[in-house]
$ cat query_2.cif   # mmCIF, C-alpha atoms
data_target
loop_
_atom_site.label_atom_id
_atom_site.label_comp_id
_atom_site.auth_asym_id
_atom_site.auth_seq_id
_atom_site.Cartn_x
_atom_site.Cartn_y
_atom_site.Cartn_z
CA MET A 1 -5.65 -1.24 -19.93
CA THR A 2 -3.83 -3.89 -17.91
CA LEU A 3 -5.10 -4.35 -14.36
CA GLU A 4 -2.84 -5.96 -11.77
CA LEU A 5 -4.19 -7.66 -8.64
CA GLY A 6 -2.39 -8.34 -5.42
CA VAL A 7 -2.24 -8.23 -1.65
CA TYR A 8 -0.73 -6.00 0.99
CA SER A 9 -0.14 -6.45 4.70
CA PHE A 10 0.87 -4.55 7.82
CA GLY A 11 1.57 -7.82 9.56
CA ASN A 12 -1.08 -9.62 11.58
CA THR A 13 -0.02 -10.93 14.97
CA PRO A 14 -1.59 -14.36 15.44
CA ARG A 15 -3.79 -15.19 18.41
CA THR A 16 -3.10 -18.07 20.75
CA ALA A 17 -5.63 -20.71 21.73
CA ASP A 18 -6.74 -18.66 24.75
CA GLY A 19 -7.33 -15.54 22.60
CA SER A 20 -4.26 -13.60 23.67
CA SER A 21 -1.74 -12.13 21.23
CA GLY A 22 0.98 -14.38 19.95
CA SER A 23 4.45 -13.57 18.69
CA THR A 24 5.16 -10.50 16.60
CA ALA A 25 8.16 -12.38 15.20
CA GLN A 26 5.79 -15.05 13.91
CA ALA A 27 3.69 -12.33 12.28
CA ILE A 28 6.73 -11.29 10.25
CA ARG A 29 7.45 -14.87 9.19
CA ASN A 30 3.80 -15.30 8.23
CA VAL A 31 3.93 -12.28 5.91
CA LEU A 32 6.91 -13.69 4.06
CA GLU A 33 5.14 -17.03 3.60
CA ALA A 34 2.11 -15.14 2.25
CA VAL A 35 4.29 -13.52 -0.44
CA HIS A 36 5.36 -16.94 -1.65
CA VAL A 37 1.75 -18.15 -1.84
CA ALA A 38 0.74 -14.98 -3.71
CA GLU A 39 3.45 -15.64 -6.28
CA GLN A 40 2.51 -19.31 -6.63
CA VAL A 41 -1.14 -18.49 -7.43
CA GLY A 42 -0.20 -15.90 -10.06
CA LEU A 43 -0.88 -12.59 -8.32
CA ASP A 44 0.97 -9.58 -9.67
CA PHE A 45 2.04 -7.66 -6.59
CA PHE A 46 2.62 -7.87 -2.85
CA GLY A 47 2.96 -4.72 -0.76
CA PHE A 48 4.36 -4.24 2.73
CA GLY A 49 2.79 -1.50 4.81
CA GLU A 50 4.25 0.23 7.85
CA HIS A 51 2.73 0.13 11.31
CA HIS A 52 4.42 0.12 14.72
CA THR A 53 1.84 -1.62 16.91
CA PRO A 54 1.63 -5.05 18.56
CA SER A 55 -1.24 -6.20 16.36
CA MET A 56 0.34 -4.89 13.13
CA PRO A 57 4.10 -5.08 13.72
CA LEU A 58 5.46 -4.67 10.20
CA SER A 59 7.54 -1.61 11.11
CA SER A 60 10.31 -2.06 8.53
CA PRO A 61 8.73 -2.62 5.11
CA THR A 62 12.02 -2.15 3.26
CA SER A 63 13.45 -5.13 5.17
CA LEU A 64 10.57 -7.34 4.05
CA VAL A 65 10.92 -6.15 0.45
CA ASN A 66 14.55 -7.25 0.51
CA ALA A 67 13.70 -10.61 2.07
CA ALA A 68 10.97 -11.21 -0.50
CA ALA A 69 13.19 -10.05 -3.36
CA ALA A 70 15.72 -12.73 -2.45
CA SER A 71 13.15 -15.52 -2.17
CA THR A 72 10.78 -14.91 -5.11
CA GLN A 73 11.18 -14.93 -8.88
CA ARG A 74 8.34 -13.02 -10.53
CA ILE A 75 5.96 -11.10 -8.28
CA GLY A 76 6.18 -7.31 -7.98
CA LEU A 77 7.14 -5.99 -4.55
CA GLY A 78 6.90 -2.66 -2.81
CA THR A 79 6.32 -0.61 0.32
CA THR A 80 2.66 0.31 0.78
CA VAL A 81 3.42 2.73 2.30
CA THR A 82 6.75 3.93 3.60
CA VAL A 83 5.94 6.60 6.20
CA LEU A 84 8.39 9.03 4.68
CA SER A 85 7.70 11.92 7.08
CA THR A 86 9.49 10.04 9.86
CA ASP A 87 12.00 8.04 7.83
CA GLU A 88 15.30 8.96 6.21
CA PRO A 89 14.72 9.24 2.44
CA LEU A 90 18.29 8.41 1.45
CA ARG A 91 18.24 5.23 3.53
CA VAL A 92 14.86 4.31 2.06
CA PHE A 93 16.30 4.72 -1.43
CA GLU A 94 19.47 2.76 -0.62
CA GLN A 95 17.50 -0.11 0.91
CA MET A 96 15.06 -0.29 -1.98
CA ALA A 97 17.84 0.06 -4.55
CA THR A 98 19.47 -2.93 -2.86
CA ALA A 99 16.23 -4.90 -3.28
CA ALA A 100 16.05 -3.80 -6.93
CA ALA A 101 19.56 -5.14 -7.49
CA ILE A 102 18.35 -8.51 -6.20
CA ALA A 103 15.03 -8.40 -8.11
CA PRO A 104 15.51 -6.10 -11.12
CA GLY A 105 12.34 -4.45 -12.38
CA ARG A 106 10.18 -5.77 -9.54
CA VAL A 107 10.64 -3.20 -6.77
CA GLU A 108 8.65 -0.01 -6.15
CA ILE A 109 8.16 2.57 -3.40
CA VAL A 110 4.91 4.06 -2.21
CA ALA A 111 5.76 7.14 -0.15
CA GLY A 112 3.13 8.55 2.18
CA ARG A 113 2.60 10.50 5.37
CA GLY A 114 1.02 7.68 7.37
CA SER A 115 -2.39 7.30 8.98
CA SER A 116 -1.34 8.36 12.51
CA ASP A 117 1.33 10.47 14.20
CA ILE A 118 2.65 7.62 16.36
CA THR A 119 6.03 7.57 14.60
CA PHE A 120 6.76 11.24 15.31
CA SER A 121 7.33 10.73 19.03
CA LEU A 122 8.93 7.35 18.40
CA PHE A 123 11.64 8.90 16.21
CA ASP A 124 11.86 12.20 18.13
CA LEU A 125 10.23 14.40 15.51
CA ASP A 126 7.67 17.19 15.90
CA SER A 127 4.25 16.37 14.44
CA ARG A 128 3.70 20.09 13.88
CA ASN A 129 6.16 19.69 10.98
CA TYR A 130 3.98 16.99 9.40
CA ASP A 131 3.61 18.58 5.97
CA MET A 132 7.06 20.15 5.75
CA LEU A 133 8.81 16.89 6.58
CA PHE A 134 6.91 14.91 4.01
CA ARG A 135 7.35 17.36 1.15
CA SER A 136 11.05 17.99 1.79
CA LYS A 137 11.84 14.30 2.23
CA LEU A 138 9.83 13.37 -0.85
CA ASP A 139 11.83 15.90 -2.89
CA LEU A 140 15.06 14.31 -1.66
CA LEU A 141 13.85 10.78 -2.38
CA ILE A 142 13.00 11.80 -5.94
CA ALA A 143 16.36 13.52 -6.36
CA ALA A 144 18.20 10.39 -5.20
CA ASN A 145 16.20 8.25 -7.59
CA ASP A 146 16.98 10.55 -10.51
CA ASN A 147 20.65 11.25 -9.83
CA GLU A 148 23.69 9.26 -8.72
CA ARG A 149 25.15 12.43 -7.19
CA VAL A 150 22.76 14.67 -5.29
CA THR A 151 22.96 18.33 -4.37
CA PHE A 152 20.05 19.22 -2.13
CA LYS A 153 18.99 21.86 0.35
CA GLY A 154 15.68 21.31 2.11
CA PRO A 155 14.05 22.42 5.35
CA HIS A 156 14.23 18.99 6.98
CA ARG A 157 18.06 18.95 6.84
CA GLN A 158 20.44 20.97 8.99
CA ARG A 159 23.17 20.73 6.37
CA ALA A 160 22.85 20.79 2.61
CA LEU A 161 24.03 17.91 0.46
CA ARG A 162 26.67 18.82 -2.10
CA ASP A 163 27.45 16.33 -4.86
CA ALA A 164 26.76 13.42 -2.51
CA LEU A 165 27.21 9.95 -4.02
CA ILE A 166 24.15 7.71 -3.49
CA VAL A 167 24.72 4.01 -4.15
CA PRO A 168 23.85 1.32 -5.07
CA ARG A 169 22.05 2.35 -8.23
CA PRO A 170 19.21 0.25 -9.65
CA GLU A 171 19.58 -0.61 -13.31
CA GLN A 172 16.54 1.55 -13.96
CA PRO A 173 15.00 4.23 -11.73
CA LEU A 174 12.63 2.95 -9.08
CA LYS A 175 8.96 3.59 -9.59
CA ILE A 176 7.83 5.97 -6.85
CA TRP A 177 4.12 6.37 -6.10
CA LEU A 178 2.65 9.11 -3.96
CA GLY A 179 0.43 7.49 -1.35
CA THR A 180 -2.65 9.34 -0.17
CA GLY A 181 -5.75 8.66 1.86
CA GLY A 182 -7.65 11.04 -0.38
CA SER A 183 -6.63 14.53 0.68
CA PRO A 184 -7.09 16.98 -2.24
CA GLU A 185 -3.64 18.44 -1.54
CA SER A 186 -1.96 15.05 -2.01
CA VAL A 187 -3.90 14.35 -5.19
CA LEU A 188 -2.70 17.64 -6.69
CA ARG A 189 0.82 17.10 -5.39
CA ALA A 190 1.04 13.76 -7.21
CA ALA A 191 0.04 15.46 -10.46
CA GLU A 192 2.44 18.37 -9.90
CA LEU A 193 5.36 16.02 -9.34
CA GLY A 194 4.39 13.73 -12.23
CA LEU A 195 4.04 10.74 -9.88
CA PRO A 196 1.55 7.88 -10.09
CA MET A 197 -1.10 8.07 -7.36
CA PHE A 198 -1.69 5.33 -4.80
CA LEU A 199 -5.05 5.61 -3.03
CA GLY A 200 -5.31 4.00 0.40
CA ILE A 201 -9.04 3.44 0.97
CA LEU A 202 -10.81 2.17 4.10
CA GLY A 203 -14.41 2.74 3.02
CA GLY A 204 -16.81 4.98 1.16
CA THR A 205 -18.33 4.51 -2.26
CA VAL A 206 -17.03 3.87 -5.74
CA ASP A 207 -18.57 7.12 -6.93
CA HIS A 208 -16.80 9.10 -4.21
CA TRP A 209 -13.36 7.70 -4.99
CA THR A 210 -13.87 8.00 -8.72
CA GLN A 211 -13.97 11.76 -8.19
CA TYR A 212 -10.39 11.66 -6.92
CA GLY A 213 -9.31 9.83 -10.05
CA HIS A 214 -10.97 12.45 -12.23
CA ALA A 215 -9.36 15.30 -10.25
CA TYR A 216 -5.93 13.70 -10.56
CA ARG A 217 -6.24 13.15 -14.31
CA GLN A 218 -7.59 16.65 -14.87
CA ALA A 219 -4.70 18.23 -12.97
CA TRP A 220 -2.28 15.91 -14.78
CA ALA A 221 -3.58 17.01 -18.18
CA GLU A 222 -3.54 20.70 -17.25
CA LEU A 223 0.13 20.35 -16.30
CA GLY A 224 0.92 18.88 -19.72
CA HIS A 225 2.01 15.40 -18.63
CA PRO A 226 1.48 12.52 -21.10
CA ALA A 227 -2.03 11.18 -20.54
CA GLU A 228 -0.96 7.52 -20.61
CA GLN A 229 1.32 8.06 -17.59
CA ALA A 230 -1.50 9.18 -15.25
CA GLU A 231 -1.50 5.93 -13.29
CA ILE A 232 -3.69 5.10 -10.28
CA ALA A 233 -3.40 2.20 -7.85
CA VAL A 234 -5.95 1.32 -5.18
CA ALA A 235 -5.39 -0.37 -1.82
CA VAL A 236 -8.56 -1.52 -0.05
CA HIS A 237 -9.71 -3.75 2.74
CA GLY A 238 -10.98 -7.01 1.33
CA PHE A 239 -11.30 -10.73 1.75
CA VAL A 240 -12.23 -13.65 -0.50
CA GLY A 241 -14.00 -16.70 0.90
CA PRO A 242 -15.73 -19.69 -0.70
CA ASP A 243 -19.19 -18.49 0.37
CA ASN A 244 -20.22 -14.91 -0.39
CA ARG A 245 -22.36 -14.28 2.69
CA GLN A 246 -20.08 -16.06 5.15
CA ALA A 247 -17.02 -14.22 3.83
CA LYS A 248 -18.70 -10.90 4.64
CA VAL A 249 -19.73 -12.04 8.12
CA ASP A 250 -16.26 -13.37 8.91
CA TYR A 251 -14.38 -10.32 7.63
CA LEU A 252 -16.67 -7.91 9.47
CA GLY A 253 -15.73 -9.68 12.69
CA TYR A 254 -12.02 -9.43 11.92
CA GLU A 255 -12.32 -5.76 10.93
CA THR A 256 -14.23 -4.91 14.10
CA ARG A 257 -11.50 -6.45 16.20
CA MET A 258 -8.84 -4.64 14.16
CA PHE A 259 -10.45 -1.23 14.66
CA THR A 260 -10.98 -1.63 18.39
CA THR A 261 -7.54 -3.14 19.04
CA GLY A 262 -5.72 -0.71 16.77
CA ALA A 263 -7.36 2.34 18.34
CA ALA A 264 -6.45 1.21 21.83
CA GLU A 265 -2.84 0.61 20.80
CA VAL A 266 -2.39 4.25 19.74
CA GLY A 267 -4.24 5.68 22.73
CA ARG A 268 -7.65 6.29 21.17
CA THR A 269 -11.04 5.11 22.34
CA GLY A 270 -11.39 1.54 21.13
CA MET A 271 -14.63 1.91 19.21
CA ALA A 272 -15.32 0.22 15.87
CA PRO A 273 -17.12 2.31 13.23
CA THR A 274 -20.87 1.74 13.13
CA GLY A 275 -22.64 0.62 9.98
CA ARG A 276 -19.43 -0.83 8.61
CA GLU A 277 -21.34 -3.60 6.82
CA HIS A 278 -22.70 -1.05 4.32
CA ASN A 279 -19.16 -0.75 2.92
CA TYR A 280 -19.31 -4.44 1.94
CA GLU A 281 -21.96 -4.19 -0.75
CA PRO A 282 -21.65 -3.49 -4.50
CA GLY A 283 -20.94 0.18 -5.07
CA ALA A 284 -18.92 0.44 -1.85
CA MET A 285 -15.21 0.01 -1.19
CA VAL A 286 -14.64 -2.96 1.11
CA PHE A 287 -14.16 -5.94 -1.20
CA ALA A 288 -15.25 -8.86 0.98
CA GLY A 289 -17.25 -11.75 -0.43
CA GLY A 290 -17.13 -14.74 -2.73
CA PRO A 291 -14.92 -14.90 -5.83
CA ASP A 292 -17.65 -14.07 -8.36
CA GLU A 293 -18.86 -10.95 -6.55
CA ILE A 294 -15.33 -9.70 -5.88
CA ALA A 295 -14.37 -10.14 -9.55
CA ASP A 296 -17.49 -8.23 -10.65
CA ARG A 297 -16.85 -5.41 -8.19
CA ILE A 298 -13.19 -5.06 -9.17
CA LEU A 299 -14.22 -4.84 -12.81
CA ASP A 300 -16.88 -2.24 -12.00
CA LEU A 301 -14.36 -0.09 -10.16
CA HIS A 302 -11.88 -0.46 -13.00
CA GLN A 303 -14.47 0.65 -15.54
CA LYS A 304 -15.19 3.81 -13.54
CA LEU A 305 -11.74 4.66 -12.18
CA GLY A 306 -9.43 3.17 -14.79
CA HIS A 307 -6.89 2.07 -12.18
CA SER A 308 -3.96 -0.14 -13.10
CA ARG A 309 -3.56 -2.03 -9.81
CA GLN A 310 -5.78 -3.13 -6.94
CA ILE A 311 -4.43 -4.73 -3.79
CA LEU A 312 -6.36 -6.09 -0.80
CA GLN A 313 -5.50 -6.10 2.90
CA MET A 314 -7.02 -9.32 4.14
CA ASP A 315 -5.05 -10.34 7.24
CA VAL A 316 -6.62 -8.16 9.95
CA GLY A 317 -7.88 -8.61 13.48
CA GLY A 318 -5.88 -11.72 14.33
CA MET A 319 -7.24 -13.69 11.38
CA SER A 320 -5.70 -17.15 11.34
CA HIS A 321 -2.78 -17.52 8.99
CA ALA A 322 -4.40 -20.50 7.26
CA THR A 323 -7.50 -18.38 6.54
CA PHE A 324 -5.33 -15.61 5.09
CA LEU A 325 -3.44 -18.01 2.83
CA LYS A 326 -6.69 -19.56 1.59
CA ALA A 327 -8.03 -16.09 0.74
CA ILE A 328 -4.86 -15.33 -1.23
CA GLU A 329 -5.31 -18.62 -3.09
CA LEU A 330 -8.90 -17.76 -4.01
CA LEU A 331 -7.91 -14.28 -5.15
CA GLY A 332 -5.27 -15.73 -7.45
CA THR A 333 -7.01 -18.85 -8.73
CA GLU A 334 -10.64 -17.72 -8.98
CA VAL A 335 -10.87 -13.90 -8.98
CA LEU A 336 -7.82 -13.07 -11.10
CA PRO A 337 -8.74 -15.37 -14.04
CA GLN A 338 -12.22 -13.82 -14.25
CA VAL A 339 -10.81 -10.30 -14.26
CA ARG A 340 -8.20 -11.13 -16.87
CA LYS A 341 -10.71 -12.87 -19.12
CA GLU A 342 -13.11 -9.94 -19.01
CA LEU A 343 -10.33 -7.45 -19.77
CA GLY A 344 -8.76 -9.62 -22.48
CA GLN A 345 -5.54 -10.07 -20.54
CA LEU A 346 -5.32 -13.87 -20.77
#
$ encode --input "query_2.cif" --output "structure tokens"
Amino acid sequence: MTLELGVYSFGNTPRTADGSSGSTAQAIRNVLEAVHVAEQVGLDFFGFGEHHTPSMPLSSPTSLVNAAAASTQRIGLGTTVTVLSTDEPLRVFEQMATAAAIAPGRVEIVAGRGSSDITFSLFDLDSRNYDMLFRSKLDLLIAANDNERVTFKGPHRQRALRDALIVPRPEQPLKIWLGTGGSPESVLRAAELGLPMFLGILGGTVDHWTQYGHAYRQAWAELGHPAEQAEIAVAVHGFVGPDNRQAKVDYLGYETRMFTTGAAEVGRTGMAPTGREHNYEPGAMVFAGGPDEIADRILDLHQKLGHSRQILQMDVGGMSHATFLKAIELLGTEVLPQVRKELGQL
């Protein structure tokens, strides 16, 4: 099975010399530069997440997909994830179909519910409708992807759509993944809808997350879908540095700052999780270390989970942009060749 490697980002606002936050506009420019580096070093995919905070200001992933589509030639691009519960599914489709017209065959959508409810108040929606909004909007997004003219009646709309024309049309339907942080309901929903599953993982063990893969494939088979289409992608925290030990130490510092800053930005107690370093070792799910260890751990996860794509979020906690770009370079030039050689993909 082919295994793709790549990077994803929520934006990472740089820090100034005195330790204060820099420009969120610069964070957006930095992400676009990172895409170009990822393509240059041979990585397969770059994903744009959605957050609405000062430290992670990438609030419009579809905009970045379009910008990257116009300025790259080969690399796959997508939202990772679009917070569909609080977005407009027809606009998401139109924006991503526009990107697909610019970069045919390279654009995908990961639709999810998001990791916090911050966008509900921001866009004047009721978080009590969390599940209803996501399911109804996902149904409409799928309908728009499948049909040029859409007739739709769902609980999130006041008025039904009747033979509505949705343009532009991509030359082939967009690939839509269902993004989940591991809830059993989302795993089963992906199988029910016949969608590939995108696992967003912050920690835990390989054995734990492998169970979700088995549950998805079992439900997929029971529903009669073709076995070869049961596709799983994995998004994890990770970082590649020249020295294995130092890479772990450095990334733990960045992660700690990310957790404390991010919690404070959404009104939670700014406490970093304790024992986080245990997630950095073989058998766990934070992929920080030197190139050889990261390649071995990716291959181990692939053997157990059978996933087709793994992407790493490396630019966290105000990491310097130069450090982020160097980590992308190492992932593409040292980790990727080892993985491809072992899997016979060279």
$ resolve_selection --input "query_2.cif" --expression "the PyMOL selection byres ((chain A and resi 140) around 8)" --output "PyMOL selection string"
chain A and resi 89-90+136-139+141-144+152+154
$ closest_residue --input "query_2.cif" --among "A:Ile294, A:Glu4, A:Phe239, A:His156" --to "A:Ile328" --atoms "all atoms listed in the file"
A:Phe239
$ resolve_selection --input "query_2.cif" --expression "the PyMOL selection byres ((chain A and resi 145-147) around 9)" --output "PyMOL selection string"
chain A and resi 93+97+140-144+148-150+165-166+169-170+173-176
$ resolve_selection --input "query_2.cif" --expression "the PyMOL selection byres ((chain A and resi 237) around 12)" --output "NGL selection string"
:A and (6-10 or 199-204 or 234-236 or 238-240 or 248 or 251-252 or 254-255 or 258 or 276 or 279-280 or 284-289 or 294 or 310-317)
$ closest_atom_pairs --input "query_2.cif" --of "stretch 216-313 of chain A" --to "stretch 118-129 of chain A" --cutoff "12 Å" --atoms "all atoms listed in the file" --output "tab-separated table"
residue	atom	partner	partner_atom	distance
A:Gly262	CA	A:Ile118	CA	11.8
A:Ala263	CA	A:Ile118	CA	11.5
A:Glu265	CA	A:Ile118	CA	9.9
A:Val266	CA	A:Ile118	CA	6.9
A:Gly267	CA	A:Ile118	CA	9.6
A:Arg268	CA	A:Ile118	CA	11.4
$ write_last_selection --input "query_2.cif" --atoms "C-alpha atoms" --output "PDB file, keeping the file's coordinate frame"
ATOM      1  CA  GLY A 262      -5.720  -0.710  16.770  1.00  0.00           C
ATOM      2  CA  ALA A 263      -7.360   2.340  18.340  1.00  0.00           C
ATOM      3  CA  GLU A 265      -2.840   0.610  20.800  1.00  0.00           C
ATOM      4  CA  VAL A 266      -2.390   4.250  19.740  1.00  0.00           C
ATOM      5  CA  GLY A 267      -4.240   5.680  22.730  1.00  0.00           C
ATOM      6  CA  ARG A 268      -7.650   6.290  21.170  1.00  0.00           C
TER       7      ARG A 268
END
$ residues_around --input "query_2.cif" --residues "A:Gly76" --least-positions-apart "4" --cutoff "12 Å" --atoms "all atoms listed in the file" --output "NGL selection string"
:A and (4-8 or 35-36 or 38-39 or 42-48 or 65-66 or 68-69 or 72 or 99-100 or 103-109 or 175 or 309 or 311)
$ axis_aligned_box --input "query_2.cif" --around "stretch 225-234 of chain A" --padding-each-side "4 Å" --output "lines of an AutoDock Vina configuration file"
center_x = -2.0
center_y = 8.4
center_z = -13.1
size_x = 16.0
size_y = 22.1
size_z = 23.9
$ atom_distance --input "query_2.cif" --atom1 "atom CA of A:Pro14" --atom2 "atom CA of A:Leu64"
18.1 Å
$ residues_around --input "query_2.cif" --residues "A:His51" --least-positions-apart "6" --cutoff "10 Å" --atoms "all atoms listed in the file" --output "ChimeraX atom specification"
/A:9-11,57-61,81-83,114-116,118-119
$ atom_distance --input "query_2.cif" --atom1 "atom CA of A:Ile232" --atom2 "atom CA of A:Met197"
4.9 Å
$ closest_residue --input "query_2.cif" --among "A:Lys304, A:Ala190, A:Arg159, A:Pro291" --to "A:Trp209" --atoms "all atoms listed in the file"
A:Lys304
$ atom_distance --input "query_2.cif" --atom1 "atom CA of A:Glu277" --atom2 "atom CA of A:Thr16"
27.1 Å
$ closest_residue --input "query_2.cif" --among "A:Glu171, A:Glu231, A:Asp207, A:Asp300" --to "A:Thr98" --atoms "only C-alpha atoms"
A:Glu171
$ residues_around --input "query_2.cif" --residues "A:Ser63" --least-positions-apart "6" --cutoff "12 Å" --atoms "only C-alpha atoms" --output "JSON, numbers by chain"
{"A": [28, 31, 32, 48, 49, 50, 69, 70, 77, 78, 79, 82, 91, 92, 94, 95, 96, 97, 98, 99]}
$ closest_residue --input "query_2.cif" --among "A:Ser71, A:Thr274, A:Glu293, A:Thr269" --to "A:Arg245" --atoms "only C-alpha atoms"
A:Glu293
$ closest_residue --input "query_2.cif" --among "A:His225, A:Gly290, A:Glu342, A:Ser21" --to "A:Val249" --atoms "only C-alpha atoms"
A:Gly290
